[in-house]
file coords_4.txt (compact mmCIF, C-alpha atoms and all ligand atoms)
# COMPACT_ATOMS: atom_id res chain seq x y z
CA MET S 25 6.66 10.60 -19.49
CA THR S 26 3.05 9.63 -18.82
CA LYS S 27 0.31 11.07 -16.61
CA VAL S 28 -0.91 8.68 -13.94
CA LEU S 29 -3.74 8.86 -11.38
CA LEU S 30 -3.15 7.25 -7.97
CA THR S 31 -6.19 6.69 -5.80
CA GLY S 32 -5.17 6.57 -2.14
CA GLY S 33 -1.78 7.89 -3.17
CA ALA S 34 -1.29 9.78 0.11
CA GLY S 35 -1.19 6.55 2.14
CA PHE S 36 1.72 4.34 3.15
CA ILE S 37 2.27 2.36 -0.05
CA GLY S 38 0.80 5.05 -2.32
CA SER S 39 3.17 7.77 -1.10
CA HIS S 40 6.23 5.56 -1.58
CA THR S 41 4.99 4.63 -5.07
CA CYS S 42 4.50 8.33 -5.89
CA LEU S 43 8.17 8.91 -5.10
CA VAL S 44 9.33 6.04 -7.32
CA LEU S 45 7.14 7.22 -10.23
CA LEU S 46 8.25 10.85 -9.86
CA GLU S 47 11.88 9.75 -9.96
CA THR S 48 11.13 8.14 -13.34
CA GLY S 49 9.60 11.39 -14.64
CA HIS S 50 5.86 10.68 -14.47
CA GLN S 51 3.26 13.38 -13.91
CA LEU S 52 1.04 12.31 -11.03
CA VAL S 53 -2.45 13.15 -9.86
CA VAL S 54 -3.51 11.80 -6.45
CA ILE S 55 -7.04 11.55 -5.12
CA ASP S 56 -7.22 10.74 -1.41
CA ASP S 57 -9.81 11.27 1.34
CA PHE S 58 -7.09 11.35 4.02
CA SER S 59 -8.84 8.59 6.00
CA ASN S 60 -5.52 6.78 6.12
CA GLY S 61 -3.23 9.20 4.32
CA SER S 62 -1.80 12.66 4.68
CA ALA S 63 -1.19 15.78 2.58
CA GLU S 64 1.98 16.16 4.62
CA ALA S 65 3.24 12.82 3.31
CA LEU S 66 2.97 14.08 -0.26
CA ARG S 67 4.51 17.44 0.60
CA ARG S 68 7.53 15.46 1.75
CA VAL S 69 7.41 13.24 -1.35
CA ALA S 70 7.54 16.37 -3.53
CA GLU S 71 10.52 17.58 -1.51
CA LEU S 72 12.35 14.23 -1.81
CA ALA S 73 11.65 14.17 -5.57
CA GLY S 74 13.18 17.65 -5.94
CA LEU S 75 9.97 19.23 -7.28
CA GLY S 76 9.35 22.96 -6.94
CA PRO S 77 7.50 24.51 -3.99
CA TRP S 78 4.47 22.66 -2.57
CA ARG S 79 1.61 25.05 -3.13
CA GLN S 80 -1.97 24.92 -1.86
CA ALA S 81 -4.46 26.14 -4.47
CA SER S 82 -7.54 25.60 -2.28
CA ALA S 83 -8.67 23.68 0.79
CA GLU S 84 -8.86 20.57 -1.41
CA HIS S 85 -6.00 21.01 -3.87
CA TRP S 86 -2.19 21.02 -3.62
CA THR S 87 0.46 20.94 -6.33
CA ALA S 88 4.20 20.92 -6.98
CA ALA S 89 6.13 20.63 -10.23
CA GLU S 90 9.65 20.45 -11.63
CA PRO S 91 9.81 22.70 -14.72
CA GLY S 92 9.80 20.41 -17.75
CA GLY S 93 9.77 17.30 -15.56
CA GLY S 94 7.59 15.47 -13.09
CA SER S 95 4.66 17.00 -11.26
CA LEU S 96 2.47 16.05 -8.32
CA THR S 97 -1.13 17.24 -7.92
CA LEU S 98 -3.16 16.22 -4.87
CA LEU S 99 -6.94 16.45 -4.66
CA ARG S 100 -8.87 15.65 -1.49
CA GLY S 101 -11.68 13.41 -2.71
CA ASP S 102 -13.60 10.14 -2.37
CA VAL S 103 -13.33 7.38 -4.97
CA ARG S 104 -17.04 6.65 -4.43
CA SER S 105 -17.87 10.12 -5.78
CA PRO S 106 -18.19 10.38 -9.60
CA ARG S 107 -17.78 14.17 -9.23
CA ASP S 108 -14.51 13.85 -7.30
CA LEU S 109 -13.20 11.26 -9.75
CA ASP S 110 -14.05 13.44 -12.78
CA ARG S 111 -12.26 16.36 -11.12
CA ALA S 112 -9.18 14.17 -10.61
CA PHE S 113 -9.15 13.10 -14.27
CA ALA S 114 -9.61 16.72 -15.43
CA ILE S 115 -7.62 18.77 -12.92
CA THR S 116 -4.37 18.86 -14.93
CA GLY S 117 -6.10 19.15 -18.30
CA GLY S 118 -6.89 15.46 -18.77
CA GLY S 119 -4.60 12.92 -20.43
CA ILE S 120 -4.49 10.38 -17.60
CA SER S 121 -3.12 7.21 -19.27
CA ALA S 122 -3.15 4.83 -16.29
CA VAL S 123 -4.52 4.43 -12.77
CA LEU S 124 -2.92 2.85 -9.70
CA HIS S 125 -5.74 1.98 -7.33
CA PHE S 126 -4.60 2.00 -3.67
CA ALA S 127 -7.70 3.58 -2.11
CA GLY S 128 -9.37 1.08 0.19
CA LEU S 129 -9.81 -0.05 3.78
CA LYS S 130 -7.38 -2.75 4.89
CA ALA S 131 -7.70 -3.66 8.57
CA VAL S 132 -8.76 -7.28 8.94
CA GLY S 133 -10.16 -6.91 12.44
CA GLU S 134 -12.05 -3.71 11.59
CA SER S 135 -13.60 -5.40 8.55
CA MET S 136 -15.21 -7.97 10.87
CA THR S 137 -17.14 -5.24 12.72
CA GLN S 138 -17.77 -2.89 9.76
CA PRO S 139 -18.43 -5.16 6.75
CA LEU S 140 -20.83 -2.71 5.04
CA ARG S 141 -18.24 0.08 5.09
CA TYR S 142 -15.60 -2.28 3.70
CA TRP S 143 -17.83 -3.46 0.86
CA ASP S 144 -18.84 0.13 0.08
CA VAL S 145 -15.35 1.65 0.00
CA ASN S 146 -13.46 -1.30 -1.48
CA VAL S 147 -16.02 -2.58 -4.00
CA THR S 148 -18.35 0.34 -4.77
CA GLY S 149 -15.31 2.58 -4.87
CA THR S 150 -13.76 0.36 -7.54
CA VAL S 151 -17.01 0.27 -9.56
CA GLN S 152 -17.13 4.09 -9.53
CA LEU S 153 -13.46 4.25 -10.52
CA LEU S 154 -13.98 1.90 -13.46
CA GLU S 155 -16.95 3.94 -14.66
CA ALA S 156 -14.89 7.13 -14.42
CA MET S 157 -12.05 5.46 -16.35
CA GLY S 158 -14.62 4.64 -19.05
CA ARG S 159 -15.72 8.29 -19.20
CA HIS S 160 -12.10 9.38 -19.60
CA ALA S 161 -10.94 6.70 -22.10
CA CYS S 162 -8.44 5.14 -19.71
CA GLN S 163 -8.07 1.33 -19.69
CA THR S 164 -4.81 0.71 -17.82
CA LEU S 165 -5.15 -0.21 -14.13
CA VAL S 166 -2.81 -1.53 -11.42
CA PHE S 167 -4.83 -2.86 -8.48
CA SER S 168 -3.58 -3.12 -4.89
CA SER S 169 -4.62 -6.66 -4.00
CA SER S 170 -3.51 -8.78 -1.06
CA ALA S 171 -2.23 -12.16 0.06
CA THR S 172 -5.21 -12.18 2.41
CA LEU S 173 -7.07 -13.72 -0.52
CA TYR S 174 -5.29 -17.04 0.09
CA GLY S 175 -6.75 -17.38 3.58
CA THR S 176 -5.16 -19.78 6.03
CA THR S 177 -3.64 -22.04 3.40
CA ASP S 178 -0.97 -24.52 4.48
CA ARG S 179 0.85 -24.25 1.12
CA VAL S 180 4.41 -22.96 1.49
CA PRO S 181 5.28 -21.02 -0.60
CA ILE S 182 1.99 -19.81 -2.10
CA PRO S 183 1.74 -19.54 -5.93
CA GLU S 184 -0.78 -17.31 -7.73
CA THR S 185 -2.62 -20.50 -8.76
CA ALA S 186 -3.44 -21.37 -5.14
CA PRO S 187 -7.19 -21.33 -4.44
CA LEU S 188 -8.66 -18.04 -3.22
CA GLN S 189 -10.25 -18.72 0.15
CA PRO S 190 -10.57 -15.47 2.06
CA ILE S 191 -11.71 -15.75 5.67
CA ASN S 192 -12.72 -12.19 6.55
CA PRO S 193 -14.73 -9.36 4.96
CA TYR S 194 -11.55 -7.50 4.00
CA GLY S 195 -10.31 -10.54 2.08
CA TYR S 196 -13.73 -11.10 0.52
CA THR S 197 -13.77 -7.53 -0.83
CA LYS S 198 -10.35 -8.04 -2.42
CA ALA S 199 -11.56 -11.27 -4.03
CA ALA S 200 -14.70 -9.50 -5.26
CA VAL S 201 -12.69 -6.69 -6.87
CA GLU S 202 -10.37 -9.21 -8.57
CA ARG S 203 -13.48 -10.97 -9.93
CA LEU S 204 -14.94 -7.63 -11.10
CA LEU S 205 -11.70 -6.67 -12.86
CA THR S 206 -11.51 -10.08 -14.53
CA ASP S 207 -15.08 -9.66 -15.83
CA VAL S 208 -14.28 -6.16 -17.12
CA ALA S 209 -11.15 -7.40 -18.91
CA THR S 210 -13.13 -10.26 -20.44
CA SER S 211 -15.87 -7.88 -21.63
CA ASP S 212 -13.47 -5.54 -23.43
CA PRO S 213 -10.05 -6.76 -24.66
CA GLY S 214 -8.69 -3.23 -24.62
CA TRP S 215 -8.05 -3.36 -20.86
CA ARG S 216 -4.57 -3.63 -19.39
CA ILE S 217 -4.86 -4.76 -15.75
CA ALA S 218 -2.34 -5.90 -13.11
CA LEU S 219 -3.53 -7.52 -9.88
CA LEU S 220 -0.68 -7.20 -7.39
CA ARG S 221 -1.07 -9.46 -4.35
CA TYR S 222 0.99 -7.93 -1.56
CA PHE S 223 2.37 -10.09 1.21
CA ASN S 224 3.54 -8.04 4.23
CA PRO S 225 4.71 -4.53 3.22
CA VAL S 226 6.88 -2.94 5.94
CA GLY S 227 9.71 -0.47 6.45
CA ALA S 228 10.06 3.09 5.11
CA HIS S 229 12.02 5.22 2.69
CA PRO S 230 15.65 5.33 3.94
CA SER S 231 15.51 9.12 4.33
CA GLY S 232 13.22 8.71 7.36
CA ARG S 233 10.98 11.44 5.87
CA ILE S 234 8.06 9.18 4.83
CA GLY S 235 6.79 5.94 6.34
CA GLU S 236 3.84 4.07 7.77
CA ASP S 237 1.58 6.21 9.98
CA PRO S 238 -1.36 4.02 11.08
CA ASN S 239 -4.42 5.65 12.63
CA GLY S 240 -4.61 4.82 16.34
CA LEU S 241 -3.39 1.45 17.64
CA PRO S 242 -1.48 -0.36 14.87
CA ASN S 243 -3.13 -3.59 13.74
CA ASN S 244 0.07 -4.93 12.19
CA LEU S 245 3.27 -6.22 13.73
CA PHE S 246 5.91 -3.95 12.25
CA PRO S 247 4.39 -0.52 12.98
CA PHE S 248 3.49 -1.75 16.49
CA LEU S 249 7.05 -2.96 17.03
CA CYS S 250 8.40 0.41 15.85
CA GLN S 251 6.15 2.22 18.31
CA VAL S 252 7.35 -0.04 21.15
CA ALA S 253 10.93 0.80 20.16
CA GLY S 254 10.03 4.48 20.25
CA GLY S 255 8.42 4.20 23.67
CA ARG S 256 4.96 5.01 22.36
CA ARG S 257 3.73 1.50 23.36
CA GLN S 258 4.75 -0.37 26.48
CA HIS S 259 5.57 -3.78 25.02
CA LEU S 260 4.83 -6.06 22.08
CA GLU S 261 2.33 -8.90 22.44
CA VAL S 262 3.44 -11.91 20.40
CA PHE S 263 0.28 -13.64 19.22
CA GLY S 264 1.01 -17.28 19.93
CA GLY S 265 4.18 -19.17 20.82
CA ASP S 266 2.79 -22.60 19.93
CA TRP S 267 2.52 -22.42 16.15
CA PRO S 268 4.03 -25.32 14.11
CA THR S 269 7.08 -23.18 13.21
CA PRO S 270 10.76 -23.41 14.24
CA ASP S 271 10.40 -21.05 17.21
CA GLY S 272 6.63 -21.35 17.68
CA THR S 273 5.78 -17.83 16.45
CA GLY S 274 4.02 -16.85 13.22
CA VAL S 275 6.03 -16.73 9.99
CA ARG S 276 5.39 -14.08 7.32
CA ASP S 277 6.88 -12.76 4.07
CA TYR S 278 7.96 -9.21 4.88
CA LEU S 279 8.89 -6.99 1.93
CA HIS S 280 10.39 -3.50 2.03
CA VAL S 281 7.88 -0.87 0.94
CA MET S 282 10.44 0.55 -1.52
CA ASP S 283 10.69 -2.87 -3.21
CA LEU S 284 6.91 -2.92 -3.37
CA ALA S 285 6.78 0.60 -4.82
CA GLU S 286 9.31 -0.38 -7.49
CA GLY S 287 7.17 -3.41 -8.29
CA HIS S 288 4.30 -1.04 -9.13
CA GLY S 289 6.56 0.91 -11.46
CA ARG S 290 7.56 -2.28 -13.23
CA ALA S 291 3.96 -3.48 -13.54
CA LEU S 292 2.97 -0.12 -15.08
CA ASP S 293 5.87 -0.32 -17.53
CA VAL S 294 4.91 -3.86 -18.60
CA LEU S 295 1.23 -2.99 -19.05
CA GLN S 296 2.06 0.08 -21.13
CA ALA S 297 4.72 -1.66 -23.24
CA GLU S 298 2.88 -4.91 -24.04
CA PRO S 299 -0.47 -5.68 -25.70
CA PRO S 300 -3.60 -5.56 -23.51
CA GLN S 301 -3.54 -8.34 -20.91
CA MET S 302 -4.24 -9.18 -17.27
CA LEU S 303 -1.31 -9.85 -14.93
CA THR S 304 -1.84 -11.57 -11.57
CA LEU S 305 1.33 -11.45 -9.49
CA ASN S 306 2.44 -12.13 -5.91
CA LEU S 307 4.68 -9.38 -4.57
CA GLY S 308 6.76 -10.91 -1.79
CA SER S 309 10.33 -11.89 -1.02
CA GLY S 310 9.80 -15.66 -1.00
CA HIS S 311 11.47 -15.80 2.46
CA GLY S 312 9.60 -16.28 5.73
CA TYR S 313 10.63 -14.78 9.05
CA SER S 314 9.01 -15.46 12.41
CA VAL S 315 7.85 -12.76 14.80
CA LEU S 316 10.81 -13.43 17.07
CA GLU S 317 13.26 -13.39 14.16
CA LEU S 318 11.93 -9.97 13.20
CA VAL S 319 12.23 -8.77 16.80
CA ARG S 320 15.83 -10.02 17.00
CA SER S 321 16.76 -8.43 13.68
CA PHE S 322 15.26 -5.11 14.78
CA GLU S 323 17.19 -5.22 18.08
CA THR S 324 20.49 -6.16 16.44
CA THR S 325 20.19 -3.72 13.55
CA ASN S 326 19.27 -0.76 15.74
CA GLY S 327 21.12 -1.62 18.97
CA LEU S 328 18.09 -1.63 21.21
CA THR S 329 15.96 -4.04 23.27
CA LEU S 330 12.28 -4.66 22.57
CA PRO S 331 10.11 -5.78 25.52
CA TYR S 332 7.58 -8.43 24.53
CA ALA S 333 5.28 -11.05 26.00
CA VAL S 334 3.99 -14.18 24.29
CA VAL S 335 0.20 -14.32 24.56
CA GLU S 336 -2.69 -16.26 23.01
CA ARG S 337 -3.01 -16.64 19.25
CA ARG S 338 -5.01 -13.94 17.39
CA PRO S 339 -8.26 -15.30 15.84
CA GLY S 340 -8.00 -15.73 12.07
CA ASP S 341 -4.20 -15.96 12.00
CA SER S 342 -2.30 -18.71 10.19
CA ALA S 343 1.07 -20.23 11.05
CA VAL S 344 2.92 -19.42 7.82
CA SER S 345 2.30 -17.13 4.84
CA VAL S 346 5.15 -16.87 2.31
CA ALA S 347 4.97 -15.92 -1.38
CA ASP S 348 6.16 -17.87 -4.37
CA PRO S 349 7.53 -14.74 -6.14
CA ARG S 350 8.85 -16.40 -9.30
CA GLU S 351 6.05 -15.20 -11.61
CA ALA S 352 6.75 -11.52 -10.87
CA GLU S 353 10.40 -12.09 -11.70
CA ARG S 354 9.53 -13.98 -14.89
CA ARG S 355 6.92 -11.48 -16.15
CA MET S 356 8.45 -8.18 -15.11
CA GLY S 357 11.99 -8.84 -13.97
CA TRP S 358 11.11 -7.77 -10.42
CA ARG S 359 12.14 -9.27 -7.12
CA THR S 360 12.84 -7.86 -3.70
CA ARG S 361 16.34 -6.43 -3.28
CA ARG S 362 16.28 -5.15 0.32
CA SER S 363 16.99 -7.31 3.37
CA LEU S 364 15.27 -7.73 6.72
CA ALA S 365 18.03 -5.58 8.23
CA ASP S 366 17.28 -2.84 5.65
CA ILE S 367 13.62 -3.03 6.66
CA CYS S 368 14.49 -2.69 10.35
CA ARG S 369 17.00 0.10 9.81
CA ASP S 370 14.69 2.15 7.60
CA GLY S 371 11.61 1.53 9.73
CA TRP S 372 13.45 2.79 12.79
CA ALA S 373 14.82 5.83 10.92
CA TRP S 374 11.21 6.84 10.18
CA GLN S 375 9.85 6.06 13.65
CA SER S 376 12.68 7.73 15.57
CA ALA S 377 12.47 10.88 13.45
CA ASN S 378 8.65 10.99 13.50
CA PRO S 379 7.44 9.59 16.84
CA GLN S 380 3.93 10.96 16.17
CA GLY S 381 3.91 10.11 12.48
CA TYR S 382 2.98 13.05 10.27
CA GLY S 383 1.40 14.83 13.23
CA SER S 384 -2.11 16.15 13.47
CA ASN S 385 -1.80 19.00 10.99
CA GLU S 386 -4.10 17.24 8.54
CA GLY S 387 -6.21 19.59 6.46
CA GLN S 388 -4.26 22.61 7.67
CA PRO S 389 -2.67 24.81 4.98
CA THR S 390 0.64 23.28 4.01
CA GLY S 391 2.89 25.19 1.69
CA ALA S 392 2.40 28.54 -0.01
CA LEU S 393 -1.11 29.50 -1.05
CA ILE S 394 -1.38 30.36 -4.73
CA GLY S 395 -4.62 32.29 -4.68
CA ALA S 396 -8.07 31.03 -3.90
CA GLN S 397 -8.66 29.57 -7.33
CA GLN S 398 -11.47 27.06 -7.01
CA VAL S 399 -10.92 23.61 -8.44
CA SER S 400 -13.70 23.34 -11.01
C1 LIG Z 501 2.11 -10.53 11.15
C2 LIG Z 501 2.50 -11.57 12.22
C3 LIG Z 501 0.75 -12.07 13.77
C4 LIG Z 501 0.69 -8.05 15.55
C5 LIG Z 501 -2.21 -8.50 7.49
C6 LIG Z 501 -3.31 -8.56 6.49
C7 LIG Z 501 -2.72 -8.55 5.11
C8 LIG Z 501 -1.83 -7.35 4.93
C9 LIG Z 501 -0.76 -7.33 6.01
C10 LIG Z 501 -3.25 -5.69 3.85
C11 LIG Z 501 1.41 -12.60 12.50
C12 LIG Z 501 1.93 -11.41 14.48
C13 LIG Z 501 0.96 -9.17 14.77
C14 LIG Z 501 1.07 -8.05 16.92
C15 LIG Z 501 1.96 -10.26 16.65
N1 LIG Z 501 -2.58 -6.13 4.94
N2 LIG Z 501 1.59 -10.25 15.32
N3 LIG Z 501 1.69 -9.17 17.43
O1 LIG Z 501 -1.88 -10.65 9.68
O2 LIG Z 501 0.16 -11.36 8.30
O3 LIG Z 501 -1.39 -9.65 7.39
O4 LIG Z 501 -1.45 -7.33 7.26
O5 LIG Z 501 -3.26 -6.17 2.75
O6 LIG Z 501 -3.77 -8.53 4.21
O7 LIG Z 501 -4.00 -9.77 6.69
O8 LIG Z 501 0.08 -9.06 9.29
O9 LIG Z 501 1.44 -7.65 10.78
O10 LIG Z 501 -0.95 -8.23 11.48
O11 LIG Z 501 0.83 -10.00 11.53
O12 LIG Z 501 2.53 -11.25 17.15
O13 LIG Z 501 0.85 -7.05 17.68
O14 LIG Z 501 2.76 -10.91 13.44
O15 LIG Z 501 0.21 -13.12 14.56
O16 LIG Z 501 2.02 -13.85 12.77
P1 LIG Z 501 -0.78 -10.29 8.72
P2 LIG Z 501 0.32 -8.64 10.81
call {"tool": "encode", "arguments": {"input": "coords_4.txt", "output": "structure tokens"}}
result
Amino acid sequence: MTKVLLTGGAGFIGSHTCLVLLETGHQLVVIDDFSNGSAEALRRVAELAGLGPWRQASAEHWTAAEPGGGSLTLLRGDVRSPRDLDRAFAITGGGISAVLHFAGLKAVGESMTQPLRYWDVNVTGTVQLLEAMGRHACQTLVFSSSATLYGTTDRVPIPETAPLQPINPYGYTKAAVERLLTDVATSDPGWRIALLRYFNPVGAHPSGRIGEDPNGLPNNLFPFLCQVAGGRRQHLEVFGGDWPTPDGTGVRDYLHVMDLAEGHGRALDVLQAEPPQMLTLNLGSGHGYSVLELVRSFETTNGLTLPYAVVERRPGDSAVSVADPREAERRMGWRTRRSLADICRDGWAWQSANPQGYGSNEGQPTGALIGAQQVS
């Protein structure tokens, strides 16, 4: 059993990873500013993991534990704040042996209009995290990277050795953090670092209790499609019907968020079991599906009809983006196990049970108060 810090652990991928790590007995500390995450998500994670009552110690601090087993502590905080980071490392008495770094901004379009914010949160946030790790003698890090790094390559499938040619500020920040982490690992051979390049994470935990809850209008296909299915959006706009693909619509490598979460668990195991090293791995299925294939699978799996209209291409899009996932299987025995139908079934289970996501109770007391002890 090890103690792990997850930055951004109250978000979509972070919350699902928390559940996987709790089920393998880890003690978790989460720091999250709730800009794209929710205390409610982690209350539900604690419930799914069978931990004891979710208790709120202060306006910034929640906790739940299973006697003698896993525990989950949540601290509202900003990864750019050395004070917040030191509180996260210290809040359960120290002993954090590894960090999973999810905290970051990830909307491609938004990054075009707010580049300074993206560089500050994604890059400065990582610099502050690395400095805090140094203060707390922790040198094991799993970084949430992205296939966006590859840009609009025409290689199919894409190996990790493909050139990095990001085409938007979001992608540039991911490339900058990978460069930073490479320099840190080169400067001190004690570091254990995994760069996990996600393709298209979608779906939800099969319970329907946790899932993707984007702020406002979803930027990405799957959450938008789920909201159309739930009647929250009128119809889906298919961005381009004239791509050089079998049916003319964009092809992507969709992977179930539970497969992705399990991939993080495997990467952590490998880093902690083997000598210090840097892993760079694509996390994808290796299979491409078009927009219309995803729409059809969603309709067939869930017995419903999705209204859509084919419109102009979206600027910055590429025709095809599919992972070569062989290195992840070779290095950590991981590959996706869930199908497109599983993705559609589980995504709909979440959406239909939570039409407004986690709701707007953010920051409100959730769970029993255990006194007004201040988090030092
Ligand atoms: C998928 C396909 C669109 C919306 C982005 C980021 C990537 C990662 C995942 C963070 C494309 C089409 C989409 C819609 C559509 N995020 N589409 N109608 O662009 O592959 O990847 O999100 O790491 O870094 O770049 O994902 O879901 O936006 O698009 O037709 O309303 O669906 O053209 O072919 P994308 P996406």
call {"tool": "atom_distance", "arguments": {"input": "coords_4.txt", "atom1": "CA of Pro331 in chain S", "atom2": "CA of Gly227 in chain S"}}
result
19.8 Å
call {"tool": "residues_near_point", "arguments": {"input": "coords_4.txt", "point": "(-11.6, 10.3, -12.8)", "cutoff": "8 Å", "atoms": "all atoms listed in the file", "output": "list in words"}}
result
Pro106, Asp108, Leu109, Asp110, Arg111, Ala112, Phe113, Ala114, Leu153, Ala156, Met157, Arg159 and His160 of chain S
call {"tool": "closest_residue", "arguments": {"input": "coords_4.txt", "among": "S:Leu140, S:Leu295, S:Cys42, S:Leu124", "to": "Leu30 in chain S", "atoms": "all atoms listed in the file"}}
result
S:Leu124
call {"tool": "axis_aligned_box", "arguments": {"input": "coords_4.txt", "around": "ligand LIG 501 (chain Z)", "padding_each_side": "6 Å", "output": "JSON"}}
result
{"center_x": -0.6, "center_y": -9.8, "center_z": 10.2, "size_x": 18.8, "size_y": 20.2, "size_z": 26.9}
call {"tool": "residues_near_ligand", "arguments": {"input": "coords_4.txt", "ligand": "ligand LIG 501 (chain Z)", "cutoff": "9 Å", "atoms": "all atoms listed in the file", "output": "NGL selection string"}}
result
:S and (129-133 or 168-173 or 175 or 194-195 or 198 or 221-226 or 242-249 or 260-265 or 273-278 or 314-316 or 334-335 or 337-345)
call {"tool": "write_last_selection", "arguments": {"input": "coords_4.txt", "atoms": "C-alpha atoms", "output": "JSON list (two decimals), in the frame of the given file"}}
result
[["chain", "number", "residue", "atom", "x", "y", "z"],
["S", 129, "LEU", "CA", -9.81, -0.05, 3.78],
["S", 130, "LYS", "CA", -7.38, -2.75, 4.89],
["S", 131, "ALA", "CA", -7.70, -3.66, 8.57],
["S", 132, "VAL", "CA", -8.76, -7.28, 8.94],
["S", 133, "GLY", "CA", -10.16, -6.91, 12.44],
["S", 168, "SER", "CA", -3.58, -3.12, -4.89],
["S", 169, "SER", "CA", -4.62, -6.66, -4.00],
["S", 170, "SER", "CA", -3.51, -8.78, -1.06],
["S", 171, "ALA", "CA", -2.23, -12.16, 0.06],
["S", 172, "THR", "CA", -5.21, -12.18, 2.41],
["S", 173, "LEU", "CA", -7.07, -13.72, -0.52],
["S", 175, "GLY", "CA", -6.75, -17.38, 3.58],
["S", 194, "TYR", "CA", -11.55, -7.50, 4.00],
["S", 195, "GLY", "CA", -10.31, -10.54, 2.08],
["S", 198, "LYS", "CA", -10.35, -8.04, -2.42],
["S", 221, "ARG", "CA", -1.07, -9.46, -4.35],
["S", 222, "TYR", "CA", 0.99, -7.93, -1.56],
["S", 223, "PHE", "CA", 2.37, -10.09, 1.21],
["S", 224, "ASN", "CA", 3.54, -8.04, 4.23],
["S", 225, "PRO", "CA", 4.71, -4.53, 3.22],
["S", 226, "VAL", "CA", 6.88, -2.94, 5.94],
["S", 242, "PRO", "CA", -1.48, -0.36, 14.87],
["S", 243, "ASN", "CA", -3.13, -3.59, 13.74],
["S", 244, "ASN", "CA", 0.07, -4.93, 12.19],
["S", 245, "LEU", "CA", 3.27, -6.22, 13.73],
["S", 246, "PHE", "CA", 5.91, -3.95, 12.25],
["S", 247, "PRO", "CA", 4.39, -0.52, 12.98],
["S", 248, "PHE", "CA", 3.49, -1.75, 16.49],
["S", 249, "LEU", "CA", 7.05, -2.96, 17.03],
["S", 260, "LEU", "CA", 4.83, -6.06, 22.08],
["S", 261, "GLU", "CA", 2.33, -8.90, 22.44],
["S", 262, "VAL", "CA", 3.44, -11.91, 20.40],
["S", 263, "PHE", "CA", 0.28, -13.64, 19.22],
["S", 264, "GLY", "CA", 1.01, -17.28, 19.93],
["S", 265, "GLY", "CA", 4.18, -19.17, 20.82],
["S", 273, "THR", "CA", 5.78, -17.83, 16.45],
["S", 274, "GLY", "CA", 4.02, -16.85, 13.22],
["S", 275, "VAL", "CA", 6.03, -16.73, 9.99],
["S", 276, "ARG", "CA", 5.39, -14.08, 7.32],
["S", 277, "ASP", "CA", 6.88, -12.76, 4.07],
["S", 278, "TYR", "CA", 7.96, -9.21, 4.88],
["S", 314, "SER", "CA", 9.01, -15.46, 12.41],
["S", 315, "VAL", "CA", 7.85, -12.76, 14.80],
["S", 316, "LEU", "CA", 10.81, -13.43, 17.07],
["S", 334, "VAL", "CA", 3.99, -14.18, 24.29],
["S", 335, "VAL", "CA", 0.20, -14.32, 24.56],
["S", 337, "ARG", "CA", -3.01, -16.64, 19.25],
["S", 338, "ARG", "CA", -5.01, -13.94, 17.39],
["S", 339, "PRO", "CA", -8.26, -15.30, 15.84],
["S", 340, "GLY", "CA", -8.00, -15.73, 12.07],
["S", 341, "ASP", "CA", -4.20, -15.96, 12.00],
["S", 342, "SER", "CA", -2.30, -18.71, 10.19],
["S", 343, "ALA", "CA", 1.07, -20.23, 11.05],
["S", 344, "VAL", "CA", 2.92, -19.42, 7.82],
["S", 345, "SER", "CA", 2.30, -17.13, 4.84]]
call {"tool": "residues_around", "arguments": {"input": "coords_4.txt", "residues": "Asp293 in chain S", "least_positions_apart": "5", "cutoff": "9 Å", "atoms": "only C-alpha atoms", "output": "VMD selection string"}}
result
chain S and resid 288 298 356
call {"tool": "atom_distance", "arguments": {"input": "coords_4.txt", "atom1": "CA of Val53 in chain S", "atom2": "CA of Glu353 in chain S"}}
result
28.4 Å
call {"tool": "closest_residue", "arguments": {"input": "coords_4.txt", "among": "S:Leu318, S:Ala297, S:Leu241, S:Ile234", "to": "Gln375 in chain S", "atoms": "all atoms listed in the file"}}
result
S:Ile234
call {"tool": "closest_residue", "arguments": {"input": "coords_4.txt", "among": "S:Arg79, S:Arg179, S:His50, S:His229", "to": "Leu284 in chain S", "atoms": "all atoms listed in the file"}}
result
S:His229
call {"tool": "residues_near_point", "arguments": {"input": "coords_4.txt", "point": "(-13.5, -5.6, -0.5)", "cutoff": "8 Å", "atoms": "all atoms listed in the file", "output": "list in words"}}
result
Gly128, Leu129, Tyr142, Trp143, Asp144, Val145, Asn146, Val147, Pro193, Tyr194, Gly195, Tyr196, Thr197, Lys198, Ala199, Ala200 and Val201 of chain S
call {"tool": "write_last_selection", "arguments": {"input": "coords_4.txt", "atoms": "C-alpha atoms", "output": "compact mmCIF listing (two decimals), keeping the file's coordinate frame"}}
result
# COMPACT_ATOMS: atom_id res chain seq x y z
CA GLY S 128 -9.37 1.08 0.19
CA LEU S 129 -9.81 -0.05 3.78
CA TYR S 142 -15.60 -2.28 3.70
CA TRP S 143 -17.83 -3.46 0.86
CA ASP S 144 -18.84 0.13 0.08
CA VAL S 145 -15.35 1.65 0.00
CA ASN S 146 -13.46 -1.30 -1.48
CA VAL S 147 -16.02 -2.58 -4.00
CA PRO S 193 -14.73 -9.36 4.96
CA TYR S 194 -11.55 -7.50 4.00
CA GLY S 195 -10.31 -10.54 2.08
CA TYR S 196 -13.73 -11.10 0.52
CA THR S 197 -13.77 -7.53 -0.83
CA LYS S 198 -10.35 -8.04 -2.42
CA ALA S 199 -11.56 -11.27 -4.03
CA ALA S 200 -14.70 -9.50 -5.26
CA VAL S 201 -12.69 -6.69 -6.87
